[in-house]
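Dropping final_32.txt in here (compact mmCIF, N, CA and C atoms):
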# COMPACT_ATOMS: atom_id res chain seq x y z
N MET A 950 154.45 168.53 26.20
CA MET A 950 155.03 167.28 25.74
C MET A 950 153.92 166.23 25.68
N TYR A 951 153.90 165.47 24.57
CA TYR A 951 152.82 164.52 24.31
C TYR A 951 153.32 163.08 24.20
N LEU A 952 154.49 162.83 24.70
CA LEU A 952 155.14 161.54 24.51
C LEU A 952 154.29 160.36 24.95
N GLY A 953 153.81 160.38 26.17
CA GLY A 953 153.04 159.25 26.69
C GLY A 953 151.80 158.95 25.88
N LYS A 954 151.01 160.00 25.61
CA LYS A 954 149.80 159.81 24.82
C LYS A 954 150.12 159.32 23.41
N ASN A 955 151.22 159.82 22.86
CA ASN A 955 151.61 159.39 21.51
C ASN A 955 152.04 157.93 21.48
N ILE A 956 152.79 157.51 22.47
CA ILE A 956 153.20 156.10 22.51
C ILE A 956 151.96 155.21 22.60
N ASN A 957 151.04 155.59 23.46
CA ASN A 957 149.80 154.83 23.62
C ASN A 957 149.02 154.79 22.31
N TYR A 958 148.89 155.94 21.68
CA TYR A 958 148.15 156.04 20.41
C TYR A 958 148.80 155.18 19.33
N LEU A 959 150.12 155.31 19.16
CA LEU A 959 150.81 154.57 18.12
C LEU A 959 150.74 153.06 18.36
N ARG A 960 150.85 152.69 19.61
CA ARG A 960 150.77 151.26 19.95
C ARG A 960 149.39 150.70 19.63
N ARG A 961 148.35 151.44 19.99
CA ARG A 961 146.98 150.99 19.71
C ARG A 961 146.69 150.97 18.21
N GLU A 962 147.16 151.97 17.50
CA GLU A 962 146.98 152.01 16.04
C GLU A 962 147.66 150.81 15.38
N ALA A 963 148.80 150.42 15.91
CA ALA A 963 149.54 149.28 15.36
C ALA A 963 148.96 147.95 15.85
N LYS A 964 147.96 148.05 16.73
CA LYS A 964 147.32 146.86 17.30
C LYS A 964 148.34 145.92 17.96
N ILE A 965 149.15 146.52 18.79
CA ILE A 965 150.15 145.75 19.54
C ILE A 965 149.91 146.00 21.03
N SER A 966 149.99 144.96 21.80
CA SER A 966 149.75 145.10 23.24
C SER A 966 150.96 145.75 23.91
N GLY A 967 150.72 146.29 25.08
CA GLY A 967 151.81 146.86 25.87
C GLY A 967 152.85 145.80 26.20
N GLU A 968 152.36 144.60 26.45
CA GLU A 968 153.27 143.50 26.77
C GLU A 968 154.17 143.17 25.57
N ASN A 969 153.58 143.10 24.39
CA ASN A 969 154.38 142.77 23.20
C ASN A 969 155.34 143.90 22.82
N LEU A 970 154.91 145.14 22.99
CA LEU A 970 155.82 146.25 22.73
C LEU A 970 156.98 146.19 23.72
N GLY A 971 156.67 145.88 24.96
CA GLY A 971 157.70 145.73 25.98
C GLY A 971 158.72 144.66 25.60
N LYS A 972 158.24 143.54 25.09
CA LYS A 972 159.14 142.47 24.67
C LYS A 972 160.06 142.94 23.55
N LEU A 973 159.50 143.69 22.60
CA LEU A 973 160.31 144.21 21.49
C LEU A 973 161.41 145.14 21.98
N LEU A 974 161.13 145.85 23.06
CA LEU A 974 162.06 146.85 23.59
C LEU A 974 162.86 146.34 24.77
N ASP A 975 162.71 145.08 25.09
CA ASP A 975 163.35 144.49 26.28
C ASP A 975 162.94 145.22 27.55
N LYS A 976 161.67 145.57 27.61
CA LYS A 976 161.10 146.22 28.79
C LYS A 976 159.85 145.45 29.20
N GLY A 977 159.42 145.65 30.40
CA GLY A 977 158.21 145.00 30.87
C GLY A 977 156.96 145.79 30.49
N LYS A 978 155.83 145.13 30.62
CA LYS A 978 154.54 145.76 30.36
C LYS A 978 154.35 146.99 31.27
N ALA A 979 154.82 146.88 32.49
CA ALA A 979 154.69 147.98 33.46
C ALA A 979 155.47 149.21 33.00
N ALA A 980 156.64 148.99 32.41
CA ALA A 980 157.44 150.13 31.93
C ALA A 980 156.71 150.85 30.80
N ILE A 981 156.13 150.08 29.88
CA ILE A 981 155.38 150.68 28.76
C ILE A 981 154.20 151.47 29.30
N SER A 982 153.50 150.89 30.24
CA SER A 982 152.36 151.57 30.86
C SER A 982 152.81 152.86 31.54
N SER A 983 153.94 152.82 32.21
CA SER A 983 154.47 154.00 32.89
C SER A 983 154.83 155.10 31.88
N TYR A 984 155.41 154.72 30.74
CA TYR A 984 155.72 155.70 29.69
C TYR A 984 154.43 156.33 29.17
N GLU A 985 153.44 155.48 28.90
CA GLU A 985 152.19 155.95 28.32
C GLU A 985 151.42 156.87 29.27
N GLN A 986 151.50 156.60 30.56
CA GLN A 986 150.79 157.41 31.54
C GLN A 986 151.56 158.66 31.95
N GLY A 987 152.78 158.76 31.46
CA GLY A 987 153.60 159.93 31.78
C GLY A 987 154.24 159.87 33.15
N ASN A 988 154.26 158.71 33.76
CA ASN A 988 154.88 158.55 35.07
C ASN A 988 156.39 158.47 35.00
N SER A 989 156.89 158.04 33.85
CA SER A 989 158.33 157.99 33.64
C SER A 989 158.62 158.19 32.16
N LEU A 990 159.85 158.53 31.88
CA LEU A 990 160.28 158.72 30.50
C LEU A 990 161.17 157.56 30.08
N PRO A 991 161.00 157.10 28.84
CA PRO A 991 161.88 156.03 28.40
C PRO A 991 163.30 156.56 28.21
N PRO A 992 164.30 155.73 28.46
CA PRO A 992 165.67 156.15 28.16
C PRO A 992 165.78 156.48 26.66
N LEU A 993 166.74 157.30 26.31
CA LEU A 993 166.87 157.75 24.93
C LEU A 993 166.99 156.59 23.95
N ASN A 994 167.77 155.56 24.29
CA ASN A 994 167.90 154.43 23.37
C ASN A 994 166.57 153.72 23.15
N VAL A 995 165.74 153.65 24.18
CA VAL A 995 164.43 153.02 24.06
C VAL A 995 163.50 153.92 23.24
N LEU A 996 163.57 155.20 23.49
CA LEU A 996 162.75 156.15 22.73
C LEU A 996 163.09 156.09 21.24
N ILE A 997 164.36 155.96 20.92
CA ILE A 997 164.77 155.83 19.52
C ILE A 997 164.21 154.53 18.93
N GLN A 998 164.25 153.45 19.69
CA GLN A 998 163.68 152.19 19.22
C GLN A 998 162.18 152.32 18.96
N ILE A 999 161.49 153.03 19.85
CA ILE A 999 160.05 153.25 19.68
C ILE A 999 159.80 154.02 18.39
N CYS A 1000 160.57 155.07 18.18
CA CYS A 1000 160.42 155.88 16.96
C CYS A 1000 160.68 155.04 15.71
N GLU A 1001 161.71 154.24 15.74
CA GLU A 1001 162.03 153.40 14.59
C GLU A 1001 160.93 152.38 14.34
N TYR A 1002 160.41 151.80 15.39
CA TYR A 1002 159.35 150.79 15.24
C TYR A 1002 158.10 151.40 14.62
N PHE A 1003 157.71 152.58 15.12
CA PHE A 1003 156.47 153.21 14.63
C PHE A 1003 156.71 154.17 13.46
N LYS A 1004 157.97 154.27 13.04
CA LYS A 1004 158.34 155.11 11.89
C LYS A 1004 157.92 156.57 12.08
N VAL A 1005 158.27 157.12 13.23
CA VAL A 1005 158.06 158.55 13.51
C VAL A 1005 159.38 159.14 13.97
N ASP A 1006 159.51 160.45 13.84
CA ASP A 1006 160.75 161.07 14.30
C ASP A 1006 160.61 161.51 15.75
N LEU A 1007 161.75 161.74 16.38
CA LEU A 1007 161.76 162.10 17.80
C LEU A 1007 160.96 163.36 18.08
N ASN A 1008 161.14 164.37 17.25
CA ASN A 1008 160.43 165.63 17.45
C ASN A 1008 158.91 165.42 17.45
N SER A 1009 158.43 164.63 16.50
CA SER A 1009 156.99 164.41 16.40
C SER A 1009 156.43 163.64 17.59
N ILE A 1010 157.13 162.59 17.99
CA ILE A 1010 156.58 161.77 19.08
C ILE A 1010 156.57 162.54 20.40
N ILE A 1011 157.45 163.51 20.54
CA ILE A 1011 157.51 164.28 21.78
C ILE A 1011 156.60 165.50 21.73
N TYR A 1012 156.62 166.25 20.64
CA TYR A 1012 155.98 167.56 20.62
C TYR A 1012 154.69 167.67 19.81
N LYS A 1013 154.36 166.68 19.02
CA LYS A 1013 153.14 166.77 18.21
C LYS A 1013 152.06 165.89 18.79
N LYS A 1014 150.82 166.30 18.60
CA LYS A 1014 149.69 165.52 19.07
C LYS A 1014 149.31 164.51 17.99
N LEU A 1015 150.09 163.45 17.89
CA LEU A 1015 149.84 162.44 16.87
C LEU A 1015 148.46 161.82 17.05
N TYR A 1016 148.03 161.71 18.29
CA TYR A 1016 146.73 161.12 18.60
C TYR A 1016 145.58 161.99 18.12
N GLU A 1017 145.85 163.21 17.72
CA GLU A 1017 144.83 164.09 17.15
C GLU A 1017 145.05 164.29 15.65
N GLY A 1018 145.88 163.45 15.07
CA GLY A 1018 146.12 163.54 13.64
C GLY A 1018 147.14 164.59 13.25
N GLU A 1019 147.82 165.17 14.20
CA GLU A 1019 148.81 166.20 13.90
C GLU A 1019 150.13 165.54 13.56
N THR A 1020 150.35 165.33 12.28
CA THR A 1020 151.59 164.70 11.85
C THR A 1020 152.28 165.57 10.82
N ILE A 1021 153.55 165.35 10.68
CA ILE A 1021 154.31 166.09 9.68
C ILE A 1021 153.79 165.75 8.29
N ASN A 1022 153.46 164.48 8.07
CA ASN A 1022 153.08 164.03 6.74
C ASN A 1022 151.77 164.62 6.24
N ASN A 1023 150.85 164.98 7.14
CA ASN A 1023 149.57 165.49 6.64
C ASN A 1023 149.45 167.00 6.79
N GLN A 1024 150.53 167.68 7.00
CA GLN A 1024 150.50 169.13 7.12
C GLN A 1024 151.12 169.78 5.89
N LEU A 1025 150.39 169.76 4.80
CA LEU A 1025 150.87 170.39 3.57
C LEU A 1025 150.48 171.86 3.61
N ASP A 1026 151.40 172.72 3.23
CA ASP A 1026 151.01 174.12 3.13
C ASP A 1026 150.29 174.33 1.80
N SER A 1027 149.69 175.49 1.63
CA SER A 1027 148.87 175.75 0.45
C SER A 1027 149.67 175.67 -0.84
N LYS A 1028 150.94 176.08 -0.79
CA LYS A 1028 151.78 176.02 -1.99
C LYS A 1028 152.02 174.56 -2.41
N GLU A 1029 152.33 173.70 -1.43
CA GLU A 1029 152.54 172.29 -1.74
C GLU A 1029 151.26 171.65 -2.26
N LEU A 1030 150.14 172.03 -1.66
CA LEU A 1030 148.85 171.49 -2.09
C LEU A 1030 148.54 171.91 -3.52
N GLU A 1031 148.79 173.16 -3.85
CA GLU A 1031 148.56 173.64 -5.22
C GLU A 1031 149.47 172.92 -6.21
N MET A 1032 150.72 172.69 -5.82
CA MET A 1032 151.64 171.97 -6.69
C MET A 1032 151.14 170.55 -6.95
N LEU A 1033 150.64 169.89 -5.90
CA LEU A 1033 150.12 168.54 -6.05
C LEU A 1033 148.88 168.52 -6.93
N LYS A 1034 148.00 169.49 -6.75
CA LYS A 1034 146.79 169.56 -7.58
C LYS A 1034 147.16 169.78 -9.04
N LYS A 1035 148.13 170.67 -9.28
CA LYS A 1035 148.57 170.96 -10.64
C LYS A 1035 149.17 169.70 -11.27
N ARG A 1036 150.03 169.00 -10.52
CA ARG A 1036 150.65 167.79 -11.06
C ARG A 1036 149.60 166.72 -11.32
N ASN A 1037 148.62 166.62 -10.44
CA ASN A 1037 147.54 165.65 -10.63
C ASN A 1037 146.77 165.95 -11.91
N LEU A 1038 146.50 167.22 -12.17
CA LEU A 1038 145.80 167.62 -13.39
C LEU A 1038 146.64 167.29 -14.62
N GLU A 1039 147.95 167.54 -14.53
CA GLU A 1039 148.85 167.20 -15.65
C GLU A 1039 148.82 165.70 -15.93
N LEU A 1040 148.85 164.91 -14.87
CA LEU A 1040 148.82 163.46 -15.04
C LEU A 1040 147.50 162.98 -15.63
N GLU A 1041 146.41 163.60 -15.21
CA GLU A 1041 145.11 163.25 -15.78
C GLU A 1041 145.07 163.55 -17.27
N LYS A 1042 145.63 164.69 -17.68
CA LYS A 1042 145.68 165.04 -19.10
C LYS A 1042 146.55 164.05 -19.87
N GLU A 1043 147.71 163.70 -19.29
CA GLU A 1043 148.59 162.72 -19.92
C GLU A 1043 147.89 161.37 -20.07
N ASN A 1044 147.18 160.96 -19.04
CA ASN A 1044 146.45 159.69 -19.09
C ASN A 1044 145.37 159.71 -20.15
N LEU A 1045 144.67 160.82 -20.27
CA LEU A 1045 143.63 160.96 -21.29
C LEU A 1045 144.23 160.87 -22.68
N GLU A 1046 145.35 161.53 -22.88
CA GLU A 1046 146.02 161.49 -24.19
C GLU A 1046 146.50 160.07 -24.50
N LEU A 1047 147.07 159.40 -23.52
CA LEU A 1047 147.50 158.02 -23.72
C LEU A 1047 146.32 157.10 -24.03
N TYR A 1048 145.21 157.34 -23.37
CA TYR A 1048 144.01 156.54 -23.63
C TYR A 1048 143.52 156.76 -25.05
N ARG A 1049 143.53 158.00 -25.51
CA ARG A 1049 143.11 158.30 -26.90
C ARG A 1049 144.03 157.60 -27.89
N LYS A 1050 145.33 157.66 -27.65
CA LYS A 1050 146.28 156.98 -28.54
C LYS A 1050 146.05 155.48 -28.53
N TYR A 1051 145.79 154.94 -27.36
CA TYR A 1051 145.56 153.51 -27.23
C TYR A 1051 144.31 153.08 -28.00
N THR A 1052 143.22 153.82 -27.83
CA THR A 1052 141.99 153.46 -28.54
C THR A 1052 142.16 153.62 -30.05
N ALA A 1053 142.94 154.63 -30.47
CA ALA A 1053 143.20 154.81 -31.90
C ALA A 1053 143.98 153.61 -32.44
N LEU A 1054 144.95 153.13 -31.68
CA LEU A 1054 145.71 151.95 -32.10
C LEU A 1054 144.83 150.71 -32.17
N LEU A 1055 143.92 150.57 -31.22
CA LEU A 1055 143.00 149.44 -31.25
C LEU A 1055 142.14 149.48 -32.51
N GLU A 1056 141.64 150.67 -32.85
CA GLU A 1056 140.82 150.82 -34.06
C GLU A 1056 141.64 150.50 -35.30
N LYS A 1057 142.87 150.96 -35.31
CA LYS A 1057 143.76 150.70 -36.43
C LYS A 1057 144.02 149.20 -36.57
N ASP A 1058 144.25 148.53 -35.42
CA ASP A 1058 144.47 147.08 -35.42
C ASP A 1058 143.25 146.33 -35.94
N LYS A 1059 142.06 146.82 -35.61
CA LYS A 1059 140.84 146.17 -36.11
C LYS A 1059 140.80 146.23 -37.62
N GLY A 1060 141.20 147.38 -38.18
CA GLY A 1060 141.24 147.55 -39.63
C GLY A 1060 142.26 146.61 -40.26
N VAL A 1061 143.41 146.46 -39.60
CA VAL A 1061 144.45 145.56 -40.10
C VAL A 1061 143.95 144.13 -40.04
N ASP A 1062 143.26 143.78 -38.93
CA ASP A 1062 142.70 142.44 -38.79
C ASP A 1062 141.75 142.12 -39.92
N LYS A 1063 140.88 143.06 -40.26
CA LYS A 1063 139.91 142.86 -41.34
C LYS A 1063 140.64 142.65 -42.66
N THR A 1064 141.69 143.44 -42.90
CA THR A 1064 142.48 143.33 -44.13
C THR A 1064 143.15 141.96 -44.19
N ILE A 1065 143.74 141.53 -43.08
CA ILE A 1065 144.43 140.24 -43.03
C ILE A 1065 143.42 139.11 -43.27
N LYS A 1066 142.27 139.19 -42.62
CA LYS A 1066 141.25 138.16 -42.80
C LYS A 1066 140.76 138.13 -44.24
N GLY A 1067 140.65 139.30 -44.86
CA GLY A 1067 140.22 139.38 -46.26
C GLY A 1067 141.25 138.75 -47.18
N VAL A 1068 142.53 138.95 -46.90
CA VAL A 1068 143.61 138.38 -47.71
C VAL A 1068 143.65 136.87 -47.51
N GLU A 1069 143.45 136.40 -46.26
CA GLU A 1069 143.48 134.97 -45.96
C GLU A 1069 142.32 134.24 -46.63
N ALA A 1070 141.18 134.92 -46.78
CA ALA A 1070 139.99 134.30 -47.36
C ALA A 1070 140.18 134.08 -48.85
N LYS A 1071 141.03 134.86 -49.51
CA LYS A 1071 141.20 134.74 -50.97
C LYS A 1071 142.00 133.57 -51.33
Here is a file; write its structure as structure tokens.
Amino acid sequence: MYLGKNINYLRREAKISGENLGKLLDKGKAAISSYEQGNSLPPLNVLIQICEYFKVDLNSIIYKKLYEGETINNQLDSKELEMLKKRNLELEKENLELYRKYTALLEKDKGVDKTIKGVEAK
């Protein structure tokens, strides 16, 4: 169980003091310190508040080493990674095609501008 270390890590990452976190949770600085050191466990309602504040789920804050970068969000399997790479490539191709169309329209507009200026000069 990694709860204490995770609370400490999340609090430090959020740049919030133990005292201020305690105020948010209606707990004292000593209670937060006790949770972080593993001397006591927060009541379930407080643990849920901590999870909501730091936007993590209960399972992760208890069982994952968040302080070592082990998060649900950064654990993509190879299939998901390949799908993202493929979609990224598709988007790059779409962007290139849109850019080509855009530059073609700009060139066309320049030609129209020249025609309009030629007509206005007459």
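Omitting Tyr951 (chain A) and its sequence neighbours fewer than 6 positions away, and counting only C-alpha atoms, the residues within 10 Å are Glu985, Gly987, Ser1009, Ile1010, Ile1011, Tyr1012, Lys1013, Lys1014, Leu1015 and Tyr1016 of chain A.
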Given the selection you just returned, output its residues as a file containing N, CA and C atoms, formatted as a PDB file, keeping the file's coordinate frame.
ATOM      1  N   GLU A 985     153.440 155.480  28.900  1.00  0.00           N
ATOM      2  CA  GLU A 985     152.190 155.950  28.320  1.00  0.00           C
ATOM      3  C   GLU A 985     151.420 156.870  29.270  1.00  0.00           C
ATOM      4  N   GLY A 987     152.780 158.760  31.460  1.00  0.00           N
ATOM      5  CA  GLY A 987     153.600 159.930  31.780  1.00  0.00           C
ATOM      6  C   GLY A 987     154.240 159.870  33.150  1.00  0.00           C
ATOM      7  N   SER A1009     158.430 164.630  16.500  1.00  0.00           N
ATOM      8  CA  SER A1009     156.990 164.410  16.400  1.00  0.00           C
ATOM      9  C   SER A1009     156.430 163.640  17.590  1.00  0.00           C
ATOM     10  N   ILE A1010     157.130 162.590  17.990  1.00  0.00           N
ATOM     11  CA  ILE A1010     156.580 161.770  19.080  1.00  0.00           C
ATOM     12  C   ILE A1010     156.570 162.540  20.400  1.00  0.00           C
ATOM     13  N   ILE A1011     157.450 163.510  20.540  1.00  0.00           N
ATOM     14  CA  ILE A1011     157.510 164.280  21.780  1.00  0.00           C
ATOM     15  C   ILE A1011     156.600 165.500  21.730  1.00  0.00           C
ATOM     16  N   TYR A1012     156.620 166.250  20.640  1.00  0.00           N
ATOM     17  CA  TYR A1012     155.980 167.560  20.620  1.00  0.00           C
ATOM     18  C   TYR A1012     154.690 167.670  19.810  1.00  0.00           C
ATOM     19  N   LYS A1013     154.360 166.680  19.020  1.00  0.00           N
ATOM     20  CA  LYS A1013     153.140 166.770  18.210  1.00  0.00           C
ATOM     21  C   LYS A1013     152.060 165.890  18.790  1.00  0.00           C
ATOM     22  N   LYS A1014     150.820 166.300  18.600  1.00  0.00           N
ATOM     23  CA  LYS A1014     149.690 165.520  19.070  1.00  0.00           C
ATOM     24  C   LYS A1014     149.310 164.510  17.990  1.00  0.00           C
ATOM     25  N   LEU A1015     150.090 163.450  17.890  1.00  0.00           N
ATOM     26  CA  LEU A1015     149.840 162.440  16.870  1.00  0.00           C
ATOM     27  C   LEU A1015     148.460 161.820  17.050  1.00  0.00           C
ATOM     28  N   TYR A1016     148.030 161.710  18.290  1.00  0.00           N
ATOM     29  CA  TYR A1016     146.730 161.120  18.600  1.00  0.00           C
ATOM     30  C   TYR A1016     145.580 161.990  18.120  1.00  0.00           C
TER      31      TYR A1016
END
To one decimal in Å, tell me the separation between CA of Gln986 (chain A) and CA of Leu952 (chain A).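 Interatomic distance, CA of Gln986 (chain A) to CA of Leu952 (chain A): 9.2 Å.
Of the listed residues A:Tyr1002, A:Tyr984, A:Lys1059, A:Asn969, the one whose atoms come nearest to Lys954 (chain A) is A:Tyr984, with distances taken using all atoms listed in the file.
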Interatomic distance (Å, one decimal) between CA of Lys1004 (chain A) and CA of Lys1034 (chain A): 26.9 Å
Mind giving me the straight-line distance from atom N of Gly967 (chain A) to atom C of Pro992 (chain A) in Å, one decimal?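 Atom C of Pro992 (chain A) lies at a distance of 18.3 Å from atom N of Gly967 (chain A).
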Report the centre and edge lengths, in Å to one decimal, of an axis-aligned box enclosing every atom of region 968-976 of chain A listed in the file, padded by 6 Å on each side, as lines of an AutoDock Vina configuration file.
center_x = 157.9
center_y = 144.7
center_z = 25.3
size_x = 23.0
size_y = 16.4
size_z = 19.7
Please extract the residues of region 965-1032 of chain A with a backbone DSSP assignment of alpha helix (DSSP H) and present them as a ChimeraX atom specification. /A:967-973,978-986,993-1003,1007-1012,1027-1032
Pick the closest to Leu974 (chain A) from A:Arg961, A:Ile956, A:Asn988, A:Gln998: which is it, counting all atoms listed in the file?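 Once distances to Leu974 (chain A) are computed over all atoms listed in the file, the minimum belongs to A:Gln998.
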Residues near Ser989 (chain A), cut-off 8 Å, only N, CA and C atoms, skip fewer than 6 positions along chain, as an MDAnalysis selection string: chainID A and resid 953 980 982:983
Output for the residues just chosen: N, CA and C atoms as an mmCIF file, in the coordinates of the input:
data_model
loop_
_atom_site.group_PDB
_atom_site.id
_atom_site.type_symbol
_atom_site.label_atom_id
_atom_site.label_comp_id
_atom_site.auth_asym_id
_atom_site.auth_seq_id
_atom_site.Cartn_x
_atom_site.Cartn_y
_atom_site.Cartn_z
ATOM 1 N N GLY A 953 153.810 160.380 26.170
ATOM 2 C CA GLY A 953 153.040 159.250 26.690
ATOM 3 C C GLY A 953 151.800 158.950 25.880
ATOM 4 N N ALA A 980 156.640 148.990 32.410
ATOM 5 C CA ALA A 980 157.440 150.130 31.930
ATOM 6 C C ALA A 980 156.710 150.850 30.800
ATOM 7 N N SER A 982 153.500 150.890 30.240
ATOM 8 C CA SER A 982 152.360 151.570 30.860
ATOM 9 C C SER A 982 152.810 152.860 31.540
ATOM 10 N N SER A 983 153.940 152.820 32.210
ATOM 11 C CA SER A 983 154.470 154.000 32.890
ATOM 12 C C SER A 983 154.830 155.100 31.880
#
Nearest residue to Ile965 (chain A) from the set A:Phe1003, A:Glu1046, A:Leu993, A:Arg1036 (distances using only C-alpha atoms): A:Phe1003
Just want the 9 Å neighbourhood of Val995 (chain A), counted on only C-alpha atoms, with same-chain residues fewer than 5 positions away dropped. Output as a VMD selection string. chain A and resid 974 to 976 1000
